[in-house]
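**Q** The following file, model-v3.txt, comprises compact mmCIF, C-alpha atoms:
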# COMPACT_ATOMS: atom_id res chain seq x y z
CA MET A 757 -10.58 -30.64 19.38
CA VAL A 758 -8.98 -28.47 16.69
CA LEU A 759 -12.38 -26.87 16.01
CA HIS A 760 -12.80 -26.16 19.72
CA ILE A 761 -9.39 -24.43 19.91
CA ALA A 762 -10.21 -22.42 16.77
CA THR A 763 -13.52 -21.29 18.31
CA GLN A 764 -11.79 -20.31 21.57
CA LEU A 765 -9.16 -18.35 19.63
CA GLN A 766 -11.89 -16.54 17.71
CA LEU A 767 -13.66 -15.65 20.97
CA ILE A 768 -10.43 -14.25 22.45
CA MET A 769 -9.77 -12.32 19.23
CA TRP A 770 -13.22 -10.75 19.26
CA ARG A 771 -12.91 -9.77 22.92
CA THR A 772 -9.46 -8.21 22.60
CA LEU A 773 -9.71 -6.72 19.09
CA PRO A 774 -11.64 -3.53 20.04
CA ALA A 775 -9.21 -2.77 22.90
CA ALA A 776 -6.20 -3.46 20.68
CA LEU A 777 -7.63 -1.24 17.94
CA ILE A 778 -8.28 1.66 20.33
CA SER A 779 -4.77 1.30 21.82
CA PHE A 780 -3.27 1.36 18.34
CA LEU A 781 -5.17 4.53 17.44
CA LEU A 782 -4.21 6.30 20.63
CA LEU A 783 -0.60 5.21 20.86
CA ALA A 784 0.28 5.33 17.18
CA PRO A 785 3.42 7.45 16.70
CA GLY A 786 3.14 10.05 13.95
CA MET A 787 6.18 9.14 11.91
CA ALA A 788 5.09 7.02 8.99
CA ARG A 789 3.06 7.05 5.81
CA ALA A 790 -0.13 5.08 5.70
CA GLN A 791 -2.18 6.59 2.92
CA GLU A 792 -3.63 3.42 1.47
CA SER A 793 -5.25 2.95 -1.88
CA PRO A 794 -8.94 2.26 -1.23
CA LEU A 795 -8.99 -0.56 -3.79
CA PHE A 796 -8.85 -4.09 -2.37
CA VAL A 797 -8.44 -6.14 -5.55
CA THR A 798 -6.91 -3.78 -8.10
CA TYR A 799 -3.22 -3.03 -7.60
CA THR A 800 -1.61 0.22 -8.66
CA HIS A 801 2.09 0.78 -9.41
CA HIS A 802 2.68 2.33 -5.99
CA LEU A 803 4.83 0.00 -3.91
CA GLU A 804 5.65 -0.12 -0.21
CA GLU A 805 8.48 2.22 0.78
CA PRO A 806 11.78 0.35 1.25
CA GLY A 807 12.34 -0.94 4.79
CA ASN A 808 8.73 -0.33 5.88
CA LEU A 809 6.46 -3.08 7.16
CA GLU A 810 2.71 -2.75 6.86
CA ILE A 811 0.45 -5.00 8.90
CA GLU A 812 -3.12 -5.16 7.68
CA THR A 813 -6.14 -7.09 8.89
CA THR A 814 -8.97 -7.28 6.42
CA THR A 815 -12.29 -9.06 6.24
CA THR A 816 -14.34 -10.08 3.26
CA THR A 817 -17.97 -10.60 4.18
CA GLY A 818 -20.37 -12.19 1.72
CA VAL A 819 -24.09 -11.51 1.94
CA PRO A 820 -25.74 -14.63 0.48
CA ARG A 821 -28.24 -15.34 -2.25
CA SER A 822 -30.83 -18.07 -1.63
CA GLY A 823 -29.12 -21.44 -1.33
CA GLN A 824 -25.89 -19.80 -0.11
CA LYS A 825 -24.71 -19.09 3.42
CA PHE A 826 -23.46 -15.91 5.04
CA TYR A 827 -19.66 -16.01 5.42
CA PHE A 828 -16.91 -13.96 6.94
CA ALA A 829 -13.33 -14.35 5.67
CA PRO A 830 -10.67 -12.48 7.70
CA TYR A 831 -7.06 -12.36 6.59
CA MET A 832 -3.83 -10.83 7.78
CA GLU A 833 -1.32 -9.28 5.45
CA LEU A 834 2.34 -8.46 6.14
CA GLU A 835 3.68 -6.18 3.41
CA TYR A 836 7.37 -5.29 3.30
CA GLY A 837 9.25 -2.94 0.99
CA VAL A 838 12.36 -4.95 0.12
CA THR A 839 13.68 -2.26 -2.23
CA ALA A 840 12.16 0.78 -3.91
CA SER A 841 11.20 -1.51 -6.85
CA TRP A 842 10.21 -4.70 -5.03
CA THR A 843 7.48 -5.34 -2.47
CA SER A 844 6.86 -8.71 -0.85
CA GLU A 845 3.73 -9.81 1.07
CA LEU A 846 2.65 -12.75 3.18
CA TYR A 847 -1.03 -13.54 3.73
CA LEU A 848 -2.64 -15.78 6.35
CA GLU A 849 -6.31 -16.38 5.73
CA SER A 850 -9.34 -18.04 7.29
CA GLN A 851 -13.08 -18.27 6.87
CA SER A 852 -16.25 -18.72 8.94
CA THR A 853 -19.52 -19.81 7.36
CA TRP A 854 -22.81 -19.31 9.20
CA GLY A 855 -24.23 -22.65 10.34
CA ASP A 856 -21.13 -24.50 9.16
CA SER A 857 -17.64 -23.99 10.67
CA SER A 858 -14.56 -21.78 10.99
CA VAL A 859 -11.47 -22.94 9.12
CA PHE A 860 -7.93 -21.82 8.36
CA THR A 861 -7.77 -21.66 4.59
CA GLY A 862 -4.03 -21.26 3.96
CA TRP A 863 -1.29 -18.80 3.11
CA ARG A 864 -0.04 -16.85 0.13
CA TRP A 865 3.30 -15.27 -0.71
CA GLU A 866 3.11 -12.39 -3.14
CA ASN A 867 5.79 -10.31 -4.87
CA ARG A 868 5.47 -7.18 -6.96
CA TYR A 869 8.29 -5.82 -9.06
CA LYS A 870 8.41 -2.50 -10.89
CA PRO A 871 10.82 -2.88 -13.81
CA LEU A 872 10.93 0.77 -14.94
CA GLN A 873 12.86 3.24 -12.82
CA ARG A 874 10.93 6.38 -13.79
CA GLU A 875 7.27 7.39 -13.91
CA HIS A 876 5.69 6.90 -17.34
CA TRP A 877 2.31 7.43 -18.93
CA ILE A 878 1.66 3.72 -18.25
CA ASN A 879 3.65 2.09 -15.43
CA PRO A 880 3.87 -1.71 -15.60
CA VAL A 881 4.35 -3.84 -12.50
CA LEU A 882 4.96 -7.61 -12.56
CA TYR A 883 3.19 -9.65 -9.89
CA PHE A 884 3.90 -13.26 -8.88
CA GLU A 885 2.13 -15.16 -6.12
CA TYR A 886 2.33 -18.68 -4.72
CA GLU A 887 -0.79 -19.83 -2.90
CA ASN A 888 -1.02 -22.82 -0.58
CA ILE A 889 -4.71 -22.70 0.23
CA ASN A 890 -7.77 -24.91 0.12
CA GLU A 891 -10.99 -24.54 -1.83
CA ALA A 892 -12.74 -23.01 1.21
CA SER A 893 -10.78 -19.76 0.64
CA ARG A 894 -13.18 -16.84 0.28
CA ILE A 895 -11.04 -13.74 0.81
CA GLN A 896 -11.36 -13.08 -2.93
CA LYS A 897 -8.20 -11.03 -3.35
CA GLU A 898 -8.71 -11.97 -6.96
CA ILE A 899 -11.51 -13.69 -8.82
CA VAL A 900 -10.44 -16.11 -11.52
CA GLY A 901 -12.30 -18.73 -13.51
CA GLY A 902 -15.90 -18.72 -12.30
CA GLY A 903 -15.15 -17.49 -8.78
CA PRO A 904 -15.20 -19.41 -5.46
CA ASP A 905 -17.60 -22.23 -4.62
CA LEU A 906 -20.17 -20.56 -2.33
CA SER A 907 -22.51 -23.54 -1.88
CA SER A 908 -20.49 -26.60 -0.77
CA PRO A 909 -19.83 -27.26 2.96
CA ASN A 910 -16.45 -26.39 4.49
CA ALA A 911 -15.68 -30.05 5.33
CA LEU A 912 -15.72 -30.85 1.62
CA LEU A 913 -13.89 -27.69 0.51
CA THR A 914 -11.04 -27.83 3.03
CA ALA A 915 -10.19 -31.36 1.89
CA ALA A 916 -9.37 -30.03 -1.57
CA ARG A 917 -5.90 -28.45 -1.46
CA ALA A 918 -5.03 -25.82 -4.02
CA ARG A 919 -1.38 -25.05 -4.67
CA GLU A 920 -1.60 -22.24 -7.16
CA LEU A 921 0.66 -19.88 -9.08
CA GLU A 922 -0.80 -16.50 -9.88
CA GLY A 923 0.61 -13.87 -12.18
CA ARG A 924 -0.66 -10.38 -12.90
CA LEU A 925 0.27 -7.70 -15.31
CA ILE A 926 -0.46 -4.44 -13.52
CA LEU A 927 -0.73 -1.34 -15.68
CA SER A 928 -1.17 1.87 -13.77
CA SER A 929 -1.31 5.53 -14.76
CA ASN A 930 -1.48 8.77 -12.86
CA TYR A 931 -3.39 11.51 -14.63
CA ARG A 932 -3.41 14.72 -12.63
CA ASP A 933 -4.50 13.40 -9.22
CA TRP A 934 -6.37 10.39 -10.59
CA ASN A 935 -4.95 6.89 -10.60
CA ILE A 936 -6.25 4.51 -13.25
CA SER A 937 -5.16 0.88 -12.97
CA GLU A 938 -5.78 -2.31 -14.90
CA ASN A 939 -4.81 -5.81 -13.71
CA PHE A 940 -4.81 -8.83 -16.00
CA ILE A 941 -4.75 -12.03 -13.93
CA VAL A 942 -3.61 -15.55 -14.83
CA GLU A 943 -3.72 -18.44 -12.34
CA LYS A 944 -2.73 -22.08 -12.54
CA ASN A 945 -3.83 -24.60 -9.93
CA LEU A 946 -0.94 -27.07 -9.69
CA SER A 947 -3.12 -29.54 -7.75
CA GLU A 948 -5.87 -29.89 -10.38
CA SER A 949 -6.13 -30.29 -14.13
CA GLU A 950 -8.49 -27.38 -14.68
CA GLY A 951 -6.47 -25.46 -17.23
CA VAL A 952 -5.24 -21.93 -16.71
CA GLU A 953 -7.79 -19.52 -15.22
CA PHE A 954 -8.15 -15.84 -16.01
CA GLY A 955 -9.48 -12.78 -14.24
CA TYR A 956 -9.43 -9.00 -14.39
CA ALA A 957 -9.61 -5.97 -12.13
CA PHE A 958 -9.88 -2.32 -13.11
CA GLY A 959 -9.98 0.61 -10.77
CA ILE A 960 -9.88 4.37 -10.53
CA SER A 961 -9.22 6.44 -7.42
CA ARG A 962 -8.52 9.99 -6.34
CA PRO A 963 -7.63 11.81 -3.09
CA LEU A 964 -10.46 14.09 -1.97
CA GLY A 965 -8.10 16.88 -0.88
CA ARG A 966 -5.26 18.22 -3.03
CA LEU A 967 -3.45 20.48 -0.56
CA ALA A 968 -2.10 19.41 2.83
CA SER A 969 -3.23 21.57 5.72
CA ALA A 970 -0.65 22.91 8.14
CA THR A 971 -2.06 21.13 11.17
CA HIS A 972 -2.78 17.49 11.95
CA CYS A 973 -6.41 16.68 11.43
CA ARG A 974 -8.46 13.48 11.37
CA PHE A 975 -11.47 14.44 9.30
CA CYS A 976 -10.04 16.82 6.69
CA ARG A 977 -10.46 15.92 3.02
CA GLU A 978 -6.76 15.27 2.40
CA ASN A 979 -7.05 12.12 4.57
CA PHE A 980 -9.61 10.46 2.30
CA ILE A 981 -9.21 8.68 -1.03
CA ALA A 982 -12.29 7.55 -2.92
CA GLY A 983 -12.41 5.10 -5.77
CA VAL A 984 -14.33 2.45 -7.60
CA GLU A 985 -13.17 -0.90 -8.95
CA MET A 986 -14.62 -3.67 -11.06
CA TYR A 987 -13.35 -7.23 -10.90
CA GLY A 988 -14.35 -10.72 -11.92
CA GLY A 989 -13.47 -14.01 -13.57
CA LEU A 990 -12.84 -14.65 -17.23
CA GLY A 991 -13.12 -18.44 -17.25
CA SER A 992 -10.22 -20.67 -18.18
CA THR A 993 -8.42 -22.13 -21.17
CA LEU A 994 -11.18 -24.80 -21.16
CA ASP A 995 -14.03 -22.25 -21.25
CA PHE A 996 -12.95 -18.66 -21.73
CA GLY A 997 -15.34 -15.75 -21.25
CA MET A 998 -17.24 -13.60 -18.77
CA HIS A 999 -20.32 -15.85 -18.65
CA GLY A 1000 -20.82 -18.14 -15.65
CA ALA A 1001 -18.39 -16.13 -13.52
CA ALA A 1002 -18.65 -13.80 -10.52
CA HIS A 1003 -18.32 -10.08 -11.31
CA TYR A 1004 -18.47 -7.14 -8.94
CA ILE A 1005 -18.46 -3.36 -9.06
CA ALA A 1006 -17.22 -1.86 -5.79
CA PRO A 1007 -17.13 1.76 -4.63
CA ALA A 1008 -14.41 2.15 -2.00
CA VAL A 1009 -12.93 4.68 0.36
CA SER A 1010 -9.79 4.86 2.50
CA TRP A 1011 -9.28 7.10 5.51
CA MET A 1012 -5.89 7.90 6.96
CA LEU A 1013 -6.59 7.81 10.70
CA THR A 1014 -3.09 8.76 11.84
CA ASP A 1015 0.24 9.14 10.05
CA ASN A 1016 0.72 5.37 10.28
CA SER A 1017 -2.72 3.81 10.23
CA SER A 1018 -5.57 3.64 7.75
CA LEU A 1019 -9.06 2.24 7.44
CA ARG A 1020 -10.47 1.00 4.13
CA PHE A 1021 -14.01 0.06 3.23
CA SER A 1022 -15.69 -1.15 0.09
CA THR A 1023 -19.09 -2.55 -0.84
CA GLY A 1024 -18.96 -4.83 -3.87
CA ILE A 1025 -22.24 -5.21 -5.73
CA GLY A 1026 -22.60 -8.60 -7.40
CA LEU A 1027 -23.47 -8.35 -11.07
CA THR A 1028 -24.14 -12.02 -11.92
CA PRO A 1029 -25.97 -14.98 -10.29
CA GLU A 1030 -22.54 -16.49 -9.46
CA SER A 1031 -21.68 -13.45 -7.29
CA ASN A 1032 -22.81 -12.59 -3.79
CA PRO A 1033 -25.37 -9.75 -3.93
CA LEU A 1034 -23.04 -7.79 -1.63
CA LEU A 1035 -19.38 -8.33 -0.85
CA ILE A 1036 -18.33 -6.06 2.00
CA ARG A 1037 -14.64 -5.50 2.68
CA PHE A 1038 -13.15 -3.71 5.64
CA GLY A 1039 -9.44 -3.30 6.37
CA TYR A 1040 -7.26 -1.69 9.01
CA SER A 1041 -3.56 -1.22 8.32
CA TYR A 1042 -0.70 -0.11 10.52
CA GLU A 1043 2.70 0.80 9.16
CA ILE A 1044 6.05 0.47 10.92
CA GLN A 1045 8.60 2.72 9.31
CA GLY A 1046 12.23 1.76 8.83
CA LEU A 1047 11.83 -1.73 10.31
CA GLY A 1048 14.35 -3.23 7.89
CA GLY A 1049 16.98 -0.66 8.94
CA ARG A 1050 16.37 -1.29 12.64
CA ILE A 1051 16.75 -5.07 12.22
CA SER A 1052 19.82 -4.55 10.05
CA ARG A 1053 21.41 -2.32 12.73
CA LEU A 1054 20.76 -5.04 15.33
CA PHE A 1055 23.05 -7.31 13.33
CA GLY A 1056 25.62 -4.60 12.68
CA GLY A 1057 24.61 -4.00 9.07
CA ARG A 1058 23.95 -0.81 7.12
CA PRO A 1059 20.35 0.47 7.43
CA MET B 1317 24.43 21.68 32.45
CA ARG B 1318 22.30 23.24 29.73
CA ARG B 1319 25.42 24.19 27.75
CA ILE B 1320 26.71 20.61 27.92
CA ALA B 1321 23.34 19.28 26.77
CA LEU B 1322 23.30 21.80 23.90
CA LEU B 1323 26.88 20.87 22.94
CA CYS B 1324 25.97 17.16 22.94
CA LEU B 1325 22.90 17.89 20.80
CA CYS B 1326 24.94 19.93 18.28
CA THR B 1327 27.65 17.25 18.15
CA ALA B 1328 25.05 14.54 17.58
CA ALA B 1329 23.36 16.61 14.86
CA ALA B 1330 26.68 17.31 13.13
CA TRP B 1331 27.61 13.62 13.32
CA ALA B 1332 24.29 12.56 11.82
CA GLN B 1333 24.35 15.26 9.12
CA ASN B 1334 25.32 14.16 5.63
CA GLN B 1335 27.76 16.92 4.65
CA ALA B 1336 29.53 14.38 2.46
CA TYR B 1337 26.44 13.91 0.30
CA GLN B 1338 27.39 13.12 -3.28
CA PRO B 1339 24.53 13.57 -5.75
CA ASP B 1340 23.88 10.82 -8.29
CA SER B 1341 25.13 12.32 -11.57
CA ASN B 1342 22.73 10.10 -13.56
CA TRP B 1343 19.70 11.36 -11.66
CA ARG B 1344 18.83 14.52 -13.57
CA ALA B 1345 15.47 15.99 -14.42
CA PRO B 1346 14.79 16.42 -18.16
CA GLU B 1347 14.98 20.07 -19.23
CA GLN B 1348 11.25 20.39 -19.80
CA ALA B 1349 10.48 19.06 -16.30
CA ALA B 1350 13.20 21.18 -14.69
CA SER B 1351 11.76 24.36 -16.21
CA ARG B 1352 8.31 23.91 -14.61
CA ALA B 1353 7.36 26.64 -12.19
CA ASN B 1354 5.89 25.95 -8.77
CA PRO B 1355 2.13 26.76 -8.95
CA LEU B 1356 2.26 27.54 -5.23
CA ALA B 1357 5.16 29.99 -5.52
CA ASP B 1358 2.88 32.88 -4.55
CA ARG B 1359 1.47 30.95 -1.58
CA PRO B 1360 4.30 30.71 0.96
CA ASP B 1361 1.72 29.77 3.61
CA ALA B 1362 1.43 26.37 1.88
CA ALA B 1363 4.97 25.53 3.07
CA ALA B 1364 3.54 24.73 6.52
CA GLY B 1365 1.56 21.87 4.97
CA GLY B 1366 4.76 20.90 3.17
CA ARG B 1367 6.51 20.61 6.53
CA LYS B 1368 3.83 18.20 7.76
CA LEU B 1369 4.27 16.11 4.60
CA PHE B 1370 8.05 16.24 5.00
CA VAL B 1371 7.86 14.82 8.53
CA ARG B 1372 5.47 12.12 7.33
CA HIS B 1373 7.25 11.02 4.17
CA CYS B 1374 10.84 12.29 4.11
CA ALA B 1375 12.18 12.60 7.67
CA GLU B 1376 12.94 8.88 8.06
CA CYS B 1377 15.69 9.11 5.39
CA HIS B 1378 16.52 12.82 5.25
CA GLY B 1379 16.35 13.56 8.99
CA ALA B 1380 13.73 15.63 10.79
CA ASP B 1381 15.76 18.77 10.03
CA GLY B 1382 16.49 17.79 6.41
CA THR B 1383 20.24 17.47 6.91
CA GLY B 1384 20.34 13.97 5.42
CA VAL B 1385 21.58 10.74 6.94
CA GLU B 1386 25.06 9.63 5.94
CA LYS B 1387 24.35 5.92 6.33
CA LYS B 1388 21.42 6.22 3.97
CA ARG B 1389 23.38 8.38 1.49
CA SER B 1390 20.41 10.76 1.53
CA ALA B 1391 20.61 14.39 0.48
CA ASP B 1392 21.23 17.24 2.90
CA PHE B 1393 18.66 19.79 1.73
CA HIS B 1394 20.64 22.69 3.19
CA LEU B 1395 23.51 22.16 0.77
CA PRO B 1396 23.85 24.42 -2.30
CA VAL B 1397 23.97 21.31 -4.53
CA VAL B 1398 20.30 20.78 -3.64
CA GLN B 1399 19.15 24.39 -3.27
CA GLU B 1400 20.64 25.43 -6.64
CA GLN B 1401 18.29 23.01 -8.41
CA SER B 1402 15.13 24.47 -9.90
CA ASP B 1403 11.69 23.90 -8.34
CA GLY B 1404 10.79 21.79 -11.35
CA ALA B 1405 13.86 19.58 -10.89
CA LEU B 1406 13.05 18.95 -7.21
CA TYR B 1407 9.42 18.22 -8.11
CA TRP B 1408 10.57 15.73 -10.77
CA LYS B 1409 12.85 13.99 -8.28
CA ILE B 1410 10.09 13.69 -5.67
CA THR B 1411 7.72 12.34 -8.33
CA ASN B 1412 10.07 9.79 -9.89
CA GLY B 1413 12.33 8.81 -7.05
CA ASN B 1414 15.67 7.12 -7.65
CA PRO B 1415 15.02 3.42 -6.91
CA GLY B 1416 18.66 2.46 -7.56
CA ARG B 1417 19.70 4.62 -4.59
CA GLY B 1418 16.72 3.66 -2.42
CA MET B 1419 14.64 6.80 -3.01
CA PRO B 1420 11.02 5.74 -3.69
CA SER B 1421 8.65 7.54 -6.03
CA PHE B 1422 6.09 9.79 -4.35
CA SER B 1423 3.79 10.02 -7.36
CA ARG B 1424 1.03 8.68 -5.10
CA LEU B 1425 0.79 12.13 -3.52
CA PRO B 1426 -1.45 14.71 -5.22
CA GLU B 1427 0.52 17.09 -7.47
CA LEU B 1428 -0.02 20.11 -5.23
CA GLN B 1429 1.26 18.22 -2.20
CA ARG B 1430 4.49 17.44 -4.07
CA TRP B 1431 4.81 21.16 -4.86
CA GLN B 1432 4.21 21.87 -1.15
CA LEU B 1433 7.19 19.66 -0.37
CA VAL B 1434 9.30 21.72 -2.79
CA LEU B 1435 8.13 24.90 -1.04
CA TYR B 1436 9.16 23.48 2.32
CA ILE B 1437 12.57 22.32 1.05
CA ARG B 1438 13.19 25.93 -0.06
CA THR B 1439 12.70 27.09 3.52
CA LEU B 1440 15.68 24.94 4.54
CA LYS B 1441 18.05 27.07 2.46
CA VAL B 1442 20.88 28.49 4.57
CA HIS B 1443 21.01 32.26 4.10
In structure tokens, how does this file's structure come out?
**A**
Amino acid sequence: MVLHIATQLQLIMWRTLPAALISFLLLAPGMARAQESPLFVTYTHHLEEPGNLEIETTTTTGVPRSGQKFYFAPYMELEYGVTASWTSELYLESQSTWGDSSVFTGWRWENRYKPLQREHWINPVLYFEYENINEASRIQKEIVGGGPDLSSPNALLTAARARELEGRLILSSNYRDWNISENFIVEKNLSESEGVEFGYAFGISRPLGRLASATHCRFCRENFIAGVEMYGGLGSTLDFGMHGAAHYIAPAVSWMLTDNSSLRFSTGIGLTPESNPLLIRFGYSYEIQGLGGRISRLFGGRP
Amino acid sequence: MRRIALLCLCTAAAWAQNQAYQPDSNWRAPEQAASRANPLADRPDAAAGGRKLFVRHCAECHGADGTGVEKKRSADFHLPVVQEQSDGALYWKITNGNPGRGMPSFSRLPELQRWQLVLYIRTLKVH
């Protein structure tokens, strides 16, 4: 019954998504920033602007090796700028595996805090995340340990809950118009005794246009940011190292469609037998400016 | 009718304007940063791109006309207290932000785009 409802919901989503997307593009008001970093896994020190809410839908699609199955893992992200130094995000994620099933894989609550008030040569950001997911999760917002289980059936994976705490040290630098970022990832599964797992992500990106043109344009270079990132697992306290883990290198690009919406695309190339040969990510984000202020005004508060 | 509409518009603009803006005395650009010259100083045409960036990134807090918003304690760019600052100081403030007062950093923008914003802010000077 639950599976039937999930399938119906997916059908409705696929029928209405193109129309919703076109409406968004046409009706989007031009009053907000939406220049997104093209990197999906590597975080930079740039946080959400205070009071703004960004809604992003992203998919991670894994092209299989022999013995694996094709999968499609969509997730929705609500990112809110609480203050100029603190950004909070909620994720809802799911997964469909070819010839298997579609399942809801859980939620995550993520917080990023920038402790230093000024720009420095290296800008640290502290990242904390609580995950209430199951082992069928394949969005791969981070890869820790050996990476996700890509072979077992969903029925088996969804039964295994994973309540996890994730921490990252984000180090990010701007050099001229380049951004260079390094993320060191630590994760502890509170539901299992598998030690503490480690991962990494490094990325570099740059806008293609340096000067803003006087007029609004869709295809001019200033609307594009290109980058490349590398990410993977580093084992755990029980077996530390890069061996036996998934690793990817992923060229990526983001395109600012309107002042408040962006598209992002990346193709991750698997570097080890534990990786998918290709990991394709596609994201669309829409930003609502000053939402916090509007809600605050509704309740008679200061924006 | 037109006069009444214009009067209402001016009253609304004056009400929204942040004439009472008090700059944060702790938010000062270091001397070296303040002395930097705008590399686009000889390209006044680039200010038009700066206006587009201003509407996109700054208007929410500083108002579409740059007069500031009192409730947000944001700067009125027409005031001498802003216009007397050097190009380098304004660039430094756009780059670093002032998180304690709610002003985010705009270091994500390419350097030349931040200088374009400075160029545009200069056009708001009341002569």
**Q** Compute the chain A side of the contact with chain B at 9 Å, counting only C-alpha atoms, and hand it back as number ranges by chain.
**A** A: 786-789, 791, 802-806, 839-841, 873-875, 930, 932-935, 962-963, 965-972, 1015-1016, 1045-1046, 1058-1059
**Q** Quick one: residues within 12 Å of segment 1024-1031 of chain A, only C-alpha atoms counted, chain neighbours fewer than 3 positions away excluded, as a compact mmCIF listing (two decimals) with C-alpha atoms, keeping the file's coordinate frame?
**A**
# COMPACT_ATOMS: atom_id res chain seq x y z
CA LEU A 795 -8.99 -0.56 -3.79
CA PHE A 796 -8.85 -4.09 -2.37
CA VAL A 797 -8.44 -6.14 -5.55
CA THR A 816 -14.34 -10.08 3.26
CA THR A 817 -17.97 -10.60 4.18
CA GLY A 818 -20.37 -12.19 1.72
CA VAL A 819 -24.09 -11.51 1.94
CA PRO A 820 -25.74 -14.63 0.48
CA ARG A 821 -28.24 -15.34 -2.25
CA SER A 822 -30.83 -18.07 -1.63
CA GLY A 823 -29.12 -21.44 -1.33
CA GLN A 824 -25.89 -19.80 -0.11
CA ARG A 894 -13.18 -16.84 0.28
CA GLN A 896 -11.36 -13.08 -2.93
CA ILE A 899 -11.51 -13.69 -8.82
CA GLY A 901 -12.30 -18.73 -13.51
CA GLY A 902 -15.90 -18.72 -12.30
CA GLY A 903 -15.15 -17.49 -8.78
CA PRO A 904 -15.20 -19.41 -5.46
CA ASP A 905 -17.60 -22.23 -4.62
CA LEU A 906 -20.17 -20.56 -2.33
CA SER A 907 -22.51 -23.54 -1.88
CA VAL A 984 -14.33 2.45 -7.60
CA GLU A 985 -13.17 -0.90 -8.95
CA MET A 986 -14.62 -3.67 -11.06
CA TYR A 987 -13.35 -7.23 -10.90
CA GLY A 988 -14.35 -10.72 -11.92
CA GLY A 989 -13.47 -14.01 -13.57
CA MET A 998 -17.24 -13.60 -18.77
CA HIS A 999 -20.32 -15.85 -18.65
CA GLY A 1000 -20.82 -18.14 -15.65
CA ALA A 1001 -18.39 -16.13 -13.52
CA ALA A 1002 -18.65 -13.80 -10.52
CA HIS A 1003 -18.32 -10.08 -11.31
CA TYR A 1004 -18.47 -7.14 -8.94
CA ILE A 1005 -18.46 -3.36 -9.06
CA ALA A 1006 -17.22 -1.86 -5.79
CA PRO A 1007 -17.13 1.76 -4.63
CA ALA A 1008 -14.41 2.15 -2.00
CA PHE A 1021 -14.01 0.06 3.23
CA LEU A 1034 -23.04 -7.79 -1.63
CA LEU A 1035 -19.38 -8.33 -0.85
CA ILE A 1036 -18.33 -6.06 2.00
CA ARG A 1037 -14.64 -5.50 2.68
CA PHE A 1038 -13.15 -3.71 5.64
**Q** Box along x, y and z, 6 Å on every side, all listed atoms of segment 1347-1350 of chain B inside: centre and edge lengths in Å to one decimal, as JSON.
**A**
{"center_x": 12.7, "center_y": 20.1, "center_z": -17.2, "size_x": 16.5, "size_y": 14.1, "size_z": 17.1}
**Q** Have a look at atom CA of Asn1032 of chain A and atom CA of Ser908 of chain A and let me know their distance in Å, one decimal.
**A**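 About the pair atom CA of Asn1032 of chain A and atom CA of Ser908 of chain A: they are 14.5 Å apart.
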**Q** Work out how far atom CA of Ser1018 of chain A is from atom CA of Cys976 of chain A, in Å to one decimal.
**A** 14.0 Å
**Q** How far is it from atom CA of Tyr883 of chain A to atom CA of Arg924 of chain A, in Å with one decimal?
**A**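 It comes out at 4.9 Å.
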**Q** Here's a test: counting only C-alpha atoms, identify every protein, DNA and RNA residue with an atom at most 10 Å from (11.0, 30.5, 1.2) in the file's coordinate frame, and state them as a PyMOL selection string.
**A** chain B and resi 1357+1359-1361+1363+1434-1441
**Q** Could you write out the selected residues, including C-alpha atoms, as a short mmCIF file (atom, residue, chain, number, x, y, z; two decimals), keeping the file's coordinate frame?
**A**
data_model
loop_
_atom_site.label_atom_id
_atom_site.label_comp_id
_atom_site.auth_asym_id
_atom_site.auth_seq_id
_atom_site.Cartn_x
_atom_site.Cartn_y
_atom_site.Cartn_z
CA ALA B 1357 5.16 29.99 -5.52
CA ARG B 1359 1.47 30.95 -1.58
CA PRO B 1360 4.30 30.71 0.96
CA ASP B 1361 1.72 29.77 3.61
CA ALA B 1363 4.97 25.53 3.07
CA VAL B 1434 9.30 21.72 -2.79
CA LEU B 1435 8.13 24.90 -1.04
CA TYR B 1436 9.16 23.48 2.32
CA ILE B 1437 12.57 22.32 1.05
CA ARG B 1438 13.19 25.93 -0.06
CA THR B 1439 12.70 27.09 3.52
CA LEU B 1440 15.68 24.94 4.54
CA LYS B 1441 18.05 27.07 2.46
#
**Q** Can you tell me, as a tab-separated table (two decimals) with C-alpha atoms, in the coordinates of the input, what residues are no more than 10 Å from Gly1384 of chain B when counting only C-alpha atoms, ignoring any on the same chain fewer than 2 positions away?
**A**
chain	number	residue	atom	x	y	z
B	1332	ALA	CA	24.29	12.56	11.82
B	1333	GLN	CA	24.35	15.26	9.12
B	1334	ASN	CA	25.32	14.16	5.63
B	1335	GLN	CA	27.76	16.92	4.65
B	1336	ALA	CA	29.53	14.38	2.46
B	1337	TYR	CA	26.44	13.91	0.30
B	1374	CYS	CA	10.84	12.29	4.11
B	1375	ALA	CA	12.18	12.60	7.67
B	1376	GLU	CA	12.94	8.88	8.06
B	1377	CYS	CA	15.69	9.11	5.39
B	1378	HIS	CA	16.52	12.82	5.25
B	1379	GLY	CA	16.35	13.56	8.99
B	1380	ALA	CA	13.73	15.63	10.79
B	1381	ASP	CA	15.76	18.77	10.03
B	1382	GLY	CA	16.49	17.79	6.41
B	1386	GLU	CA	25.06	9.63	5.94
B	1387	LYS	CA	24.35	5.92	6.33
B	1388	LYS	CA	21.42	6.22	3.97
B	1389	ARG	CA	23.38	8.38	1.49
B	1390	SER	CA	20.41	10.76	1.53
B	1391	ALA	CA	20.61	14.39	0.48
B	1392	ASP	CA	21.23	17.24	2.90
B	1393	PHE	CA	18.66	19.79	1.73
B	1394	HIS	CA	20.64	22.69	3.19
B	1395	LEU	CA	23.51	22.16	0.77
